[in-house]
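Visitor: Handing over query.cif, mmCIF, C-alpha atoms.
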data_coords
#
loop_
_atom_site.label_atom_id
_atom_site.label_comp_id
_atom_site.auth_asym_id
_atom_site.auth_seq_id
_atom_site.Cartn_x
_atom_site.Cartn_y
_atom_site.Cartn_z
CA MET A 1 92.62 76.88 89.89
CA ARG A 2 93.70 80.26 91.23
CA ARG A 3 94.50 78.87 94.65
CA GLU A 4 97.11 76.51 93.18
CA ILE A 5 98.68 79.52 91.48
CA LEU A 6 98.68 81.29 94.83
CA MET A 7 100.23 78.31 96.61
CA LYS A 8 103.04 78.14 94.06
CA ALA A 9 103.57 81.89 94.31
CA MET A 10 103.80 81.56 98.07
CA LYS A 11 106.33 78.72 98.04
CA ASP A 12 108.51 80.40 95.39
CA SER A 13 108.42 83.81 97.07
CA ILE A 14 109.17 82.55 100.55
CA SER A 15 112.26 80.67 99.41
CA GLU A 16 113.39 83.47 97.08
CA VAL A 17 113.15 86.18 99.74
CA LEU A 18 114.60 84.18 102.61
CA GLU A 19 117.45 82.71 100.57
CA THR A 20 118.42 85.83 98.55
CA MET A 21 118.03 88.61 101.07
CA PHE A 22 118.35 86.83 104.38
CA PHE A 23 120.74 84.02 103.41
CA LEU A 24 118.46 81.47 105.01
CA PRO A 25 118.16 78.17 103.13
CA VAL A 26 114.61 76.85 103.49
CA GLU A 27 112.54 73.83 102.61
CA THR A 28 108.75 73.48 102.51
CA LEU A 29 107.62 71.00 105.16
CA ALA A 30 103.88 71.16 104.64
CA GLU A 31 101.33 73.07 102.57
CA LYS A 32 97.65 73.04 103.46
CA TYR A 33 94.35 74.67 102.58
CA LEU A 34 92.37 75.23 105.77
CA ASP A 35 88.64 75.76 106.04
CA LYS A 36 88.66 77.40 109.44
CA LEU A 37 90.94 79.50 111.61
CA PRO A 38 93.88 77.46 112.88
CA ILE A 39 94.19 76.76 116.58
CA LEU A 40 97.43 78.26 117.72
CA LYS A 41 99.58 76.72 120.41
CA LYS A 42 100.73 79.20 123.02
CA ASN A 43 104.33 79.87 122.23
CA SER A 44 106.87 82.60 122.09
CA ASP A 45 106.94 83.07 118.32
CA ARG A 46 107.11 86.59 117.00
CA ILE A 47 104.24 87.26 114.62
CA SER A 48 104.26 89.83 111.83
CA ARG A 49 101.13 90.74 109.87
CA LEU A 50 100.43 92.55 106.61
CA THR A 51 97.18 93.36 104.79
CA PHE A 52 96.70 93.66 101.03
CA ASN A 53 93.95 94.67 98.60
CA GLY A 54 93.49 94.14 94.90
CA SER A 55 92.07 91.30 92.79
CA ILE A 56 92.26 89.34 96.04
CA ASN A 57 92.02 90.92 99.47
CA GLY A 58 93.30 89.63 102.76
CA TYR A 59 96.23 89.46 105.08
CA ALA A 60 99.25 87.34 105.90
CA LEU A 61 100.80 86.16 109.14
CA LEU A 62 104.39 85.08 109.61
CA PHE A 63 105.32 83.16 112.77
CA VAL A 64 109.04 83.08 113.57
CA PRO A 65 110.51 81.50 116.73
CA LYS A 66 112.21 84.02 118.99
CA GLY A 67 115.73 82.59 118.66
CA LEU A 68 115.55 82.33 114.89
CA ALA A 69 114.16 85.88 114.64
CA SER A 70 117.15 87.15 116.59
CA ASN A 71 119.65 85.21 114.46
CA VAL A 72 118.10 86.33 111.18
CA ALA A 73 118.07 89.98 112.29
CA THR A 74 121.67 89.78 113.47
CA ASP A 75 122.82 88.38 110.12
CA PHE A 76 120.62 90.73 108.10
CA LEU A 77 121.87 93.85 109.83
CA GLY A 78 125.43 92.64 110.37
CA VAL A 79 125.45 93.63 114.05
CA PRO A 80 127.07 91.71 116.93
CA GLU A 81 124.67 89.11 118.36
CA ASN A 82 124.67 90.52 121.88
CA SER A 83 123.84 94.03 120.70
CA ILE A 84 120.73 93.31 118.61
CA THR A 85 117.67 95.15 119.95
CA ASP A 86 114.01 94.16 120.02
CA ASP A 87 113.25 97.01 117.65
CA GLN A 88 115.80 95.80 115.14
CA ILE A 89 114.38 92.25 115.31
CA ASN A 90 110.84 93.53 114.83
CA GLU A 91 111.83 95.77 111.92
CA THR A 92 113.55 92.82 110.26
CA LEU A 93 110.46 90.61 110.62
CA LYS A 94 108.28 93.38 109.17
CA GLU A 95 110.63 93.66 106.23
CA ILE A 96 110.53 89.89 105.66
CA ILE A 97 106.73 89.76 105.47
CA ASN A 98 106.71 92.91 103.34
CA MET A 99 109.04 91.38 100.77
CA ILE A 100 107.33 87.99 100.78
CA ILE A 101 103.86 89.45 100.22
CA GLY A 102 105.08 91.85 97.54
CA ASN A 103 106.63 88.93 95.70
CA ILE A 104 103.61 86.67 96.14
CA LEU A 105 101.21 89.25 94.76
CA SER A 106 103.46 90.02 91.76
CA LYS A 107 103.74 86.33 90.92
CA TYR A 108 100.02 85.70 91.48
CA ASP A 109 98.83 88.50 89.20
CA GLU A 110 101.50 90.62 87.50
CA ASN A 111 98.88 92.76 85.77
CA GLU A 112 97.15 93.85 88.96
CA THR A 113 98.31 96.74 91.16
CA PHE A 114 97.87 95.67 94.76
CA ASP A 115 97.80 98.00 97.72
CA MET A 116 99.78 96.69 100.64
CA GLY A 117 99.36 97.89 104.20
CA ILE A 118 102.18 98.79 106.57
CA PRO A 119 103.58 95.63 108.18
CA THR A 120 103.01 95.31 111.92
CA LEU A 121 104.05 93.08 114.80
CA VAL A 122 101.19 91.36 116.61
CA GLY A 123 101.26 92.20 120.32
CA LYS A 124 101.68 89.55 123.00
CA ASN A 125 98.05 89.56 124.15
CA GLU A 126 96.57 90.36 120.77
CA SER A 127 94.85 87.86 118.49
CA PRO A 128 96.67 87.68 115.15
CA PHE A 129 93.42 86.95 113.28
CA MET A 130 91.36 89.66 111.60
CA GLY A 131 87.81 88.29 111.79
CA ASN A 132 86.03 85.51 109.91
CA ASN A 133 85.46 87.28 106.58
CA PHE A 134 88.29 85.53 104.81
CA GLU A 135 87.16 82.28 103.23
CA HIS A 136 90.44 80.94 102.01
CA ILE A 137 93.29 80.10 104.32
CA VAL A 138 96.57 78.82 102.93
CA ASN A 139 99.23 77.55 105.31
CA ILE A 140 102.86 76.74 104.62
CA ASP A 141 105.30 75.39 107.19
CA ILE A 142 108.92 76.02 106.32
CA SER A 143 111.99 74.39 107.71
CA THR A 144 115.25 76.31 108.10
CA LEU A 145 118.51 74.77 109.26
CA SER A 146 117.65 75.30 112.90
CA ASP A 147 113.94 75.84 113.21
CA GLN A 148 110.50 76.15 111.65
CA ILE A 149 108.62 79.16 110.30
CA THR A 150 104.87 79.17 109.73
CA PHE A 151 103.13 81.29 107.14
CA PHE A 152 99.40 81.87 106.70
CA LEU A 153 97.61 83.72 103.95
CA PHE A 154 93.94 84.63 104.45
CA THR A 155 91.99 85.79 101.39
CA ASP A 156 88.42 86.55 100.43
CA THR A 157 86.28 85.02 97.71
CA GLY A 158 88.35 86.55 94.88
CA LEU A 159 90.49 83.44 94.84
CA LEU A 160 88.13 81.17 92.90
CA MET B 1 134.71 108.58 90.29
CA LEU B 2 132.86 108.32 93.62
CA TYR B 3 129.13 108.88 93.99
CA ASN B 4 126.83 110.38 96.61
CA ILE B 5 123.80 108.16 97.14
CA LEU B 6 120.59 109.08 98.99
CA VAL B 7 118.73 106.07 100.41
CA VAL B 8 115.08 106.75 101.22
CA ASP B 9 113.14 104.09 103.18
CA ASP B 10 110.99 104.24 106.30
CA SER B 11 112.70 101.10 107.63
CA ALA B 12 116.07 101.86 109.24
CA PRO B 13 117.18 98.21 108.94
CA MET B 14 116.29 98.24 105.25
CA ARG B 15 118.35 101.39 104.68
CA ALA B 16 121.26 99.74 106.49
CA VAL B 17 120.96 96.61 104.36
CA ILE B 18 120.71 98.52 101.08
CA LYS B 19 123.87 100.42 101.96
CA LYS B 20 125.61 97.19 103.01
CA ILE B 21 124.63 95.46 99.75
CA ILE B 22 125.86 98.40 97.69
CA LYS B 23 129.16 98.42 99.57
CA THR B 24 129.47 94.64 99.08
CA SER B 25 128.82 95.06 95.37
CA GLY B 26 131.91 97.23 95.00
CA PHE B 27 130.06 100.18 93.53
CA MET B 28 132.09 103.32 94.16
CA VAL B 29 130.38 105.32 96.89
CA LYS B 30 131.64 108.61 98.27
CA ASN B 31 128.89 109.18 100.86
CA PHE B 32 125.57 107.65 101.77
CA TYR B 33 122.74 109.88 102.96
CA ASP B 34 119.60 108.64 104.72
CA ALA B 35 115.98 109.71 104.76
CA SER B 36 112.96 107.92 106.19
CA ASN B 37 110.40 109.44 103.81
CA GLY B 38 110.04 111.81 100.87
CA LEU B 39 109.87 114.93 103.03
CA GLU B 40 113.17 114.14 104.73
CA ALA B 41 114.69 113.35 101.35
CA ILE B 42 113.74 116.78 100.00
CA GLU B 43 115.20 118.43 103.09
CA CYS B 44 118.44 116.51 102.60
CA LEU B 45 118.61 117.49 98.93
CA LYS B 46 118.42 121.19 99.85
CA ASN B 47 121.88 120.96 101.42
CA ASN B 48 123.62 118.05 99.71
CA TRP B 49 124.18 117.13 96.08
CA MET B 50 123.25 113.52 95.20
CA ASP B 51 124.35 111.54 92.19
CA VAL B 52 121.52 109.03 92.53
CA ILE B 53 118.48 108.50 94.76
CA LEU B 54 117.27 105.05 95.80
CA THR B 55 113.77 105.21 97.18
CA ASP B 56 111.20 102.84 98.57
CA PHE B 57 107.65 103.24 97.27
CA ASN B 58 105.47 102.65 100.32
CA MET B 59 106.37 105.22 103.01
CA PRO B 60 104.33 107.40 105.37
CA ASP B 61 104.06 111.21 105.03
CA MET B 62 105.43 111.30 101.48
CA ASN B 63 105.76 108.07 99.52
CA GLY B 64 108.25 107.30 96.77
CA MET B 65 105.99 108.37 93.92
CA GLU B 66 105.11 111.66 95.61
CA LEU B 67 108.84 112.27 96.09
CA VAL B 68 109.45 111.64 92.38
CA ASP B 69 106.63 114.08 91.48
CA ALA B 70 108.09 116.74 93.78
CA LEU B 71 111.57 116.38 92.29
CA GLN B 72 110.22 116.54 88.74
CA ASN B 73 108.89 120.01 89.58
CA ASP B 74 112.37 121.28 90.42
CA GLU B 75 114.55 122.33 87.47
CA VAL B 76 117.78 121.20 89.09
CA LEU B 77 116.69 118.21 91.16
CA LYS B 78 114.82 116.55 88.30
CA SER B 79 118.16 115.70 86.69
CA ILE B 80 119.09 113.34 89.53
CA PRO B 81 118.46 109.71 88.54
CA ILE B 82 115.94 107.93 90.76
CA VAL B 83 115.76 104.19 91.35
CA MET B 84 112.53 102.88 92.88
CA ILE B 85 113.17 99.91 95.16
CA THR B 86 109.92 98.08 95.49
CA THR B 87 108.49 94.86 96.88
CA GLU B 88 105.53 94.89 94.54
CA GLY B 89 106.16 95.29 90.84
CA SER B 90 103.00 95.00 88.76
CA LYS B 91 103.34 95.98 85.09
CA LYS B 92 100.89 98.82 85.61
CA ARG B 93 102.80 100.25 88.53
CA ILE B 94 106.15 100.02 86.77
CA GLU B 95 104.73 101.77 83.69
CA GLU B 96 103.45 104.49 85.98
CA PHE B 97 106.84 104.86 87.67
CA MET B 98 108.62 105.28 84.34
CA LYS B 99 106.02 107.71 82.97
CA ARG B 100 106.37 109.95 85.98
CA GLY B 101 110.14 110.22 85.96
CA VAL B 102 111.64 107.17 87.67
CA THR B 103 114.88 106.24 85.93
CA SER B 104 114.90 102.59 86.94
CA TYR B 105 113.36 100.19 89.41
CA ILE B 106 114.60 97.18 91.28
CA LYS B 107 112.48 94.59 93.01
CA LYS B 108 113.26 93.18 96.44
CA PRO B 109 114.86 90.75 97.01
CA PHE B 110 117.96 91.70 95.06
CA THR B 111 121.58 90.61 95.04
CA PRO B 112 124.69 92.84 95.20
CA ASP B 113 125.34 92.10 91.51
CA GLN B 114 121.85 93.23 90.52
CA ILE B 115 122.09 96.55 92.30
CA LYS B 116 125.62 97.18 91.05
CA HIS B 117 124.46 96.51 87.50
CA HIS B 118 121.56 98.97 87.91
CA LEU B 119 123.69 101.71 89.40
CA SER B 120 126.52 101.21 86.90
CA LYS B 121 124.09 101.40 83.98
CA ILE B 122 122.47 104.57 85.31
CA MET B 123 125.76 106.30 86.01
CA GLY B 124 127.31 105.14 82.71
CA VAL B 125 130.02 103.20 84.52
CA PRO B 126 131.34 100.08 82.81
CA ASP B 127 130.21 97.01 84.71
CA TYR B 128 132.29 94.23 83.24
CA GLU B 129 132.27 90.66 84.40
CA GLU B 130 135.72 89.22 84.10
CA ARG B 131 135.41 85.74 82.79
CA ASN B 132 138.08 83.29 83.69
CA THR B 133 139.18 81.47 80.59
CA ASP B 134 141.63 78.70 81.09
CA GLU B 135 143.26 78.40 77.70
CA SER B 136 144.80 75.07 78.56
CA ASN B 137 141.34 73.47 78.62
CA GLU B 138 140.37 74.64 75.19
CA GLY B 139 139.80 71.82 72.76
CA LEU B 140 139.90 69.06 75.38
CA ASP B 141 137.09 66.59 75.05
CA PHE B 142 136.77 63.58 77.37
#
Now that the file is in, can you turn its structure into structure tokens?
Guide:
Amino acid sequence: MRREILMKAMKDSISEVLETMFFLPVETLAEKYLDKLPILKKNSDRISRLTFNGSINGYALLFVPKGLASNVATDFLGVPENSITDDQINETLKEIINMIIGNILSKYDENETFDMGIPTLVGKNESPFMGNNFEHIVNIDISTLSDQITFFLFTDTGLL
Amino acid sequence: MLYNILVVDDSAPMRAVIKKIIKTSGFMVKNFYDASNGLEAIECLKNNWMDVILTDFNMPDMNGMELVDALQNDEVLKSIPIVMITTEGSKKRIEEFMKRGVTSYIKKPFTPDQIKHHLSKIMGVPDYEERNTDESNEGLDF
């Protein structure tokens, strides 16, 4: 089934990107297929979002706890911890989701040329979800040494 | 020999990381130059000679492919090797890159060794791995 291929692509890409480029060892905690939009707890995670179109269409969300986001950005950019800016953290998170999605789509269908949007940060009072048109929701929770990252992929009917 | 490298990416952190990874790899850099899109890259090339250009694909105003097309139309600039650094590498897209004048491509994420190997190959610089051979262990079999 195509969604199993997608799930594998997601797990492989997330660990490849985070471990190779961001030096963050990770482990998959949970992987789920959801049939409705998840209920989000109110928290202070930073959320990056990226859309894509091709043989499957949809978008991805990456939830990263504030402290972890700051640490990852500091290490990635090689700047002193107390001098990292919000902008630098946000740019790093956008780059993470950009790389993960690029990898996922290549692994899922190497013959298809996908168009990826420009990654964005979801605002504090903004809903991260983009409507109910996406039938397939894949969720992976990832453990790092210090915290947990959550990843969602929403796709349309092209998955089956 | 030391090389001038132009790094083109709309993400300032990504440009910083690419430069850091290249420095870590030990590849011999004279100067790094930055541009956040194809238009800025062309402007930079008007005043500075580059030995190699590393460019992202997906950028606003002028993307990586449009930059490649523009450089191919210049008799002098078309001789500069171009490496496309991309997150998405479908076979079709890579074939298109190569057909339109991209010298090489590298997919993110990449390691310092991978980028050094690419740059060394393009610039014709030997990129040898020194293997440690401990002659005293030869022939031992426990």
Visitor: Please determine, counting all atoms listed in the file, which residue among A:Ala9, A:Leu40, A:Leu105, A:Met21 has the shortest atom-to-atom distance to Asn53 of chain A.
Guide: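 Using all atoms listed in the file, the shortest distance to Asn53 of chain A belongs to A:Leu105.
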Visitor: Residues of chain B were defined as contacting chain A if any atom lay at most 9 Å from it, counting all atoms listed in the file; please report them as a PDB file with C-alpha atoms, in the frame of the given file.
Guide:
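Wrote it out as out_0.pdb, contents follow:
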ATOM      1  CA  SER B  11     112.700 101.100 107.630  1.00  0.00           C
ATOM      2  CA  ALA B  12     116.070 101.860 109.240  1.00  0.00           C
ATOM      3  CA  PRO B  13     117.180  98.210 108.940  1.00  0.00           C
ATOM      4  CA  MET B  14     116.290  98.240 105.250  1.00  0.00           C
ATOM      5  CA  ALA B  16     121.260  99.740 106.490  1.00  0.00           C
ATOM      6  CA  VAL B  17     120.960  96.610 104.360  1.00  0.00           C
ATOM      7  CA  LYS B  20     125.610  97.190 103.010  1.00  0.00           C
ATOM      8  CA  ASN B  58     105.470 102.650 100.320  1.00  0.00           C
ATOM      9  CA  MET B  59     106.370 105.220 103.010  1.00  0.00           C
ATOM     10  CA  PRO B  60     104.330 107.400 105.370  1.00  0.00           C
ATOM     11  CA  THR B  86     109.920  98.080  95.490  1.00  0.00           C
ATOM     12  CA  THR B  87     108.490  94.860  96.880  1.00  0.00           C
ATOM     13  CA  GLU B  88     105.530  94.890  94.540  1.00  0.00           C
ATOM     14  CA  GLY B  89     106.160  95.290  90.840  1.00  0.00           C
ATOM     15  CA  SER B  90     103.000  95.000  88.760  1.00  0.00           C
ATOM     16  CA  LYS B  91     103.340  95.980  85.090  1.00  0.00           C
ATOM     17  CA  LYS B  92     100.890  98.820  85.610  1.00  0.00           C
ATOM     18  CA  ARG B  93     102.800 100.250  88.530  1.00  0.00           C
ATOM     19  CA  LYS B 107     112.480  94.590  93.010  1.00  0.00           C
ATOM     20  CA  LYS B 108     113.260  93.180  96.440  1.00  0.00           C
ATOM     21  CA  PRO B 109     114.860  90.750  97.010  1.00  0.00           C
ATOM     22  CA  PHE B 110     117.960  91.700  95.060  1.00  0.00           C
ATOM     23  CA  THR B 111     121.580  90.610  95.040  1.00  0.00           C
TER      24      THR B 111
END
Visitor: Any chance you could resolve the PyMOL selection byres ((chain B and resi 65) around 12) against this file and give the residues as a compact mmCIF listing (two decimals) with C-alpha atoms, in the frame of the given file?
Guide:
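Listed below is the output, selection-v1.txt:
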# COMPACT_ATOMS: atom_id res chain seq x y z
CA VAL B 8 115.08 106.75 101.22
CA ASN B 37 110.40 109.44 103.81
CA GLY B 38 110.04 111.81 100.87
CA LEU B 39 109.87 114.93 103.03
CA LEU B 54 117.27 105.05 95.80
CA THR B 55 113.77 105.21 97.18
CA ASP B 56 111.20 102.84 98.57
CA PHE B 57 107.65 103.24 97.27
CA ASN B 58 105.47 102.65 100.32
CA MET B 59 106.37 105.22 103.01
CA PRO B 60 104.33 107.40 105.37
CA ASP B 61 104.06 111.21 105.03
CA MET B 62 105.43 111.30 101.48
CA ASN B 63 105.76 108.07 99.52
CA GLY B 64 108.25 107.30 96.77
CA GLU B 66 105.11 111.66 95.61
CA LEU B 67 108.84 112.27 96.09
CA VAL B 68 109.45 111.64 92.38
CA ASP B 69 106.63 114.08 91.48
CA ALA B 70 108.09 116.74 93.78
CA LEU B 71 111.57 116.38 92.29
CA GLN B 72 110.22 116.54 88.74
CA ILE B 82 115.94 107.93 90.76
CA VAL B 83 115.76 104.19 91.35
CA MET B 84 112.53 102.88 92.88
CA ILE B 85 113.17 99.91 95.16
CA THR B 86 109.92 98.08 95.49
CA ARG B 93 102.80 100.25 88.53
CA ILE B 94 106.15 100.02 86.77
CA GLU B 96 103.45 104.49 85.98
CA PHE B 97 106.84 104.86 87.67
CA MET B 98 108.62 105.28 84.34
CA LYS B 99 106.02 107.71 82.97
CA ARG B 100 106.37 109.95 85.98
CA GLY B 101 110.14 110.22 85.96
CA VAL B 102 111.64 107.17 87.67
CA TYR B 105 113.36 100.19 89.41
Visitor: Using only C-alpha atoms, find the one residue out of A:Gly54, A:Pro38, A:Gly123, A:Pro65 that sits nearest to Thr144 of chain A.
Guide: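 Under the stated criterion, the closest residue is A:Pro65.
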Visitor: Using the chain letters and numbers from the file, give me the residues hit by the PyMOL selection byres ((chain B and resi 118-122) around 10), as a list in words.
Guide: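 Selected by the PyMOL selection byres ((chain B and resi 118-122) around 10) here: Ile22, Phe27, Met28, Asp51, Val52, Leu54, Pro81, Ile82, Val83, Thr103, Ser104, Tyr105, Ile106, Asp113, Gln114, Ile115, Lys116, His117, Met123, Gly124, Val125, Pro126, Asp127 and Tyr128 of chain B.
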Visitor: Would you output that residue set with C-alpha atoms, as a PDB file, in the frame of the given file?
Guide:
ATOM      1  CA  ILE B  22     125.860  98.400  97.690  1.00  0.00           C
ATOM      2  CA  PHE B  27     130.060 100.180  93.530  1.00  0.00           C
ATOM      3  CA  MET B  28     132.090 103.320  94.160  1.00  0.00           C
ATOM      4  CA  ASP B  51     124.350 111.540  92.190  1.00  0.00           C
ATOM      5  CA  VAL B  52     121.520 109.030  92.530  1.00  0.00           C
ATOM      6  CA  LEU B  54     117.270 105.050  95.800  1.00  0.00           C
ATOM      7  CA  PRO B  81     118.460 109.710  88.540  1.00  0.00           C
ATOM      8  CA  ILE B  82     115.940 107.930  90.760  1.00  0.00           C
ATOM      9  CA  VAL B  83     115.760 104.190  91.350  1.00  0.00           C
ATOM     10  CA  THR B 103     114.880 106.240  85.930  1.00  0.00           C
ATOM     11  CA  SER B 104     114.900 102.590  86.940  1.00  0.00           C
ATOM     12  CA  TYR B 105     113.360 100.190  89.410  1.00  0.00           C
ATOM     13  CA  ILE B 106     114.600  97.180  91.280  1.00  0.00           C
ATOM     14  CA  ASP B 113     125.340  92.100  91.510  1.00  0.00           C
ATOM     15  CA  GLN B 114     121.850  93.230  90.520  1.00  0.00           C
ATOM     16  CA  ILE B 115     122.090  96.550  92.300  1.00  0.00           C
ATOM     17  CA  LYS B 116     125.620  97.180  91.050  1.00  0.00           C
ATOM     18  CA  HIS B 117     124.460  96.510  87.500  1.00  0.00           C
ATOM     19  CA  MET B 123     125.760 106.300  86.010  1.00  0.00           C
ATOM     20  CA  GLY B 124     127.310 105.140  82.710  1.00  0.00           C
ATOM     21  CA  VAL B 125     130.020 103.200  84.520  1.00  0.00           C
ATOM     22  CA  PRO B 126     131.340 100.080  82.810  1.00  0.00           C
ATOM     23  CA  ASP B 127     130.210  97.010  84.710  1.00  0.00           C
ATOM     24  CA  TYR B 128     132.290  94.230  83.240  1.00  0.00           C
TER      25      TYR B 128
END
Visitor: Name the residues that the PyMOL selection byres ((chain A and resi 131-140) around 10) pulls out of this structure, and write them as a count of residues only.
Guide: 42
Visitor: Which residues are close to Glu81 of chain A, i.e. within 8 Å by only C-alpha atoms, leaving aside same-chain residues fewer than 5 positions away? Reply as a VMD selection string.
Guide: chain A and resid 70 to 71 74
Visitor: Can those selected residues be exported to a file as a PDB file, in the frame of the given file so that it contains C-alpha atoms?
Guide:
ATOM      1  CA  SER A  70     117.150  87.150 116.590  1.00  0.00           C
ATOM      2  CA  ASN A  71     119.650  85.210 114.460  1.00  0.00           C
ATOM      3  CA  THR A  74     121.670  89.780 113.470  1.00  0.00           C
TER       4      THR A  74
END
Visitor: When distances are computed from all atoms listed in the file, which of B:Gly26, B:Met50, B:Ile21, B:Ser36 shows the smallest separation from Leu6 of chain B?
Guide: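 Going through B:Gly26, B:Met50, B:Ile21, B:Ser36 one by one, the smallest distance to Leu6 of chain B is for B:Met50.
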Visitor: If you measure from atom CA of Ser25 of chain B to atom CA of Ser15 of chain A, what distance in Å do you get, rounded to one decimal?
Guide: 22.3 Å
Visitor: Using all atoms listed in the file, determine which residues lie at most 12 Å from Asp147 of chain A, disregarding the query and same-chain residues fewer than 5 positions distant; provide the list as a list in words.
Guide: Leu24, Pro25, Val26, Glu27, Leu29, Asp45, Phe63, Val64, Pro65, Lys66, Gly67, Leu68, Ala69, Asn71, Val72, Asp141 and Ile142 of chain A
Visitor: Around all of segment 113-117 of chain A's listed atoms, make the axis-aligned box with 6 Å on each side and tell me centre and edge lengths in Å to one decimal, as JSON.
Guide:
{"center_x": 98.8, "center_y": 96.8, "center_z": 97.7, "size_x": 14.0, "size_y": 14.3, "size_z": 25.0}
